[in-house]
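Novice: Handing you a structure now.
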Amino acid sequence: MTDIDLTDPKGIVITKMVEDILFPGQSALGQQVTQNRKNPENERVVKAVVGDIKRALNQRPEGTVFMFQRVNEENVSDTDVSIRLKKKLSATELASFRQEILRDLRIGNYYVKDRVSYDKIMDDFDFSIGSVNTIRTFTALLVFFC
């Protein structure tokens with residue numbers, strides 16, 4: 001992924017599942033893909049193939065296509081930046097990192113509005129797809145019938 005030109009508006013990254021469906025038995029790298037055969041202007045070039053992705057821990061992997069998009073005034077409010085660190089930071093290191101990253105992520109007049117931990121994102125996602133309610137229901141039934 002480090003060799004990919006993310007500024008290429010025609011570039012896409014696909015998962016292995018998509019590669020197997022669109023190009024069975026061959027590599028998708030450099031191949032052209034079109035969203036709509038009637039509109040060849042939407043042709044994209046496969047820049048990389050990554051492993052299959054599961055949307056949630058309890059689901060099967062899904063075929064996924066990632067399109068490159070530059071951040072601008074129209075889409076900046078929909079932009080999320082994810083940062084993963086190799087090691088756990090102490091409280092002082094984390095505070096310093098947050099201040100440093102806030103400066104680095106400034107985009108013109110825009111700035112980072114909020115920081116959310118992956119644990120919180122995962123909890124919110126589990127709740128939104130109903131797995132939290134399912135677990136609570138099964139637990140209540142187990143307590144009631146056991």
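Identifiers in this document derive from the order of the structure tokens: chains are assigned A, B, ..., residues are numbered from 1 separately in each chain, and ligands are numbered from 1 in order of occurrence.
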Residues near Lys16 in chain A, anyone? I mean within 7 Å using only C-alpha atoms, not counting same-chain ones fewer than 2 positions away, as an mmCIF file with C-alpha atoms, in the first residue's frame.
Specialist:
```
data_model
loop_
_atom_site.group_PDB
_atom_site.id
_atom_site.type_symbol
_atom_site.label_atom_id
_atom_site.label_comp_id
_atom_site.auth_asym_id
_atom_site.auth_seq_id
_atom_site.Cartn_x
_atom_site.Cartn_y
_atom_site.Cartn_z
ATOM 1 C CA ILE A 14 -10.275 -4.164 -3.971
ATOM 2 C CA VAL A 18 -13.826 -9.028 -5.484
ATOM 3 C CA GLU A 19 -10.711 -10.043 -7.432
ATOM 4 C CA ASP A 20 -11.872 -13.682 -7.495
ATOM 5 C CA VAL A 49 -5.687 -6.175 -3.752
ATOM 6 C CA VAL A 50 -6.039 -6.565 0.015
ATOM 7 C CA GLY A 51 -7.341 -9.396 2.186
ATOM 8 C CA ASP A 52 -11.056 -9.897 2.688
#
```
Novice: Write out as a list in words which residues come within 12 Å of Arg84 in chain A when counting only C-alpha atoms, dropping same-chain ones fewer than 5 positions away.
Specialist: Leu89, Val116, Ser117 and Tyr118 of chain A
Novice: Which residues are close to Asp8 in chain A, i.e. within 12 Å by only C-alpha atoms, leaving aside same-chain residues fewer than 4 positions away? Reply as a VMD selection string.
Specialist: chain A and resid 4 12 to 13 44 to 47 67 to 70
Novice: Next, write the just-selected residues to a file, as a CSV table (one decimal), in the first residue's frame, keeping N, CA, C and O atoms as the atom set.
Specialist:
```
chain,number,residue,atom,x,y,z
A,4,ILE,N,1.4,3.0,-3.5
A,4,ILE,CA,0.2,3.4,-4.3
A,4,ILE,C,0.0,4.9,-4.3
A,4,ILE,O,0.2,5.6,-3.2
A,12,ILE,N,-8.4,2.4,-7.6
A,12,ILE,CA,-9.2,1.7,-6.6
A,12,ILE,C,-8.4,0.6,-5.9
A,12,ILE,O,-7.4,0.1,-6.5
A,13,VAL,N,-8.8,0.2,-4.7
A,13,VAL,CA,-8.2,-1.0,-4.1
A,13,VAL,C,-9.4,-1.9,-3.8
A,13,VAL,O,-10.5,-1.5,-3.4
A,44,ARG,N,-12.1,2.6,-13.7
A,44,ARG,CA,-11.2,2.7,-12.6
A,44,ARG,C,-10.1,1.7,-12.8
A,44,ARG,O,-10.3,0.6,-13.5
A,45,VAL,N,-8.9,1.9,-12.3
A,45,VAL,CA,-7.8,1.0,-12.4
A,45,VAL,C,-7.5,0.4,-11.0
A,45,VAL,O,-7.3,1.1,-10.1
A,46,VAL,N,-7.4,-1.0,-11.0
A,46,VAL,CA,-7.1,-1.6,-9.7
A,46,VAL,C,-5.6,-1.4,-9.4
A,46,VAL,O,-4.7,-1.8,-10.1
A,47,LYS,N,-5.4,-0.8,-8.2
A,47,LYS,CA,-4.0,-0.4,-7.8
A,47,LYS,C,-3.5,-1.4,-6.8
A,47,LYS,O,-2.3,-1.6,-6.7
A,67,MET,N,-12.5,3.4,-3.1
A,67,MET,CA,-12.1,4.4,-4.1
A,67,MET,C,-11.4,5.6,-3.5
A,67,MET,O,-11.6,5.9,-2.3
A,68,PHE,N,-10.4,6.1,-4.2
A,68,PHE,CA,-9.6,7.2,-3.7
A,68,PHE,C,-10.4,8.5,-3.8
A,68,PHE,O,-11.1,8.7,-4.8
A,69,GLN,N,-10.4,9.4,-2.8
A,69,GLN,CA,-11.1,10.6,-2.9
A,69,GLN,C,-10.3,11.7,-2.1
A,69,GLN,O,-10.0,11.5,-0.9
A,70,ARG,N,-10.0,12.8,-2.7
A,70,ARG,CA,-9.3,13.9,-2.0
A,70,ARG,C,-10.3,14.6,-1.1
A,70,ARG,O,-11.5,14.7,-1.4
```
Novice: Enumerate as a ChimeraX atom specification all residues of range 75-112 of chain A assigned to alpha helix (DSSP H) by DSSP on the backbone, naming them with the chain letters and numbers the document uses.
Specialist: /A:91-104
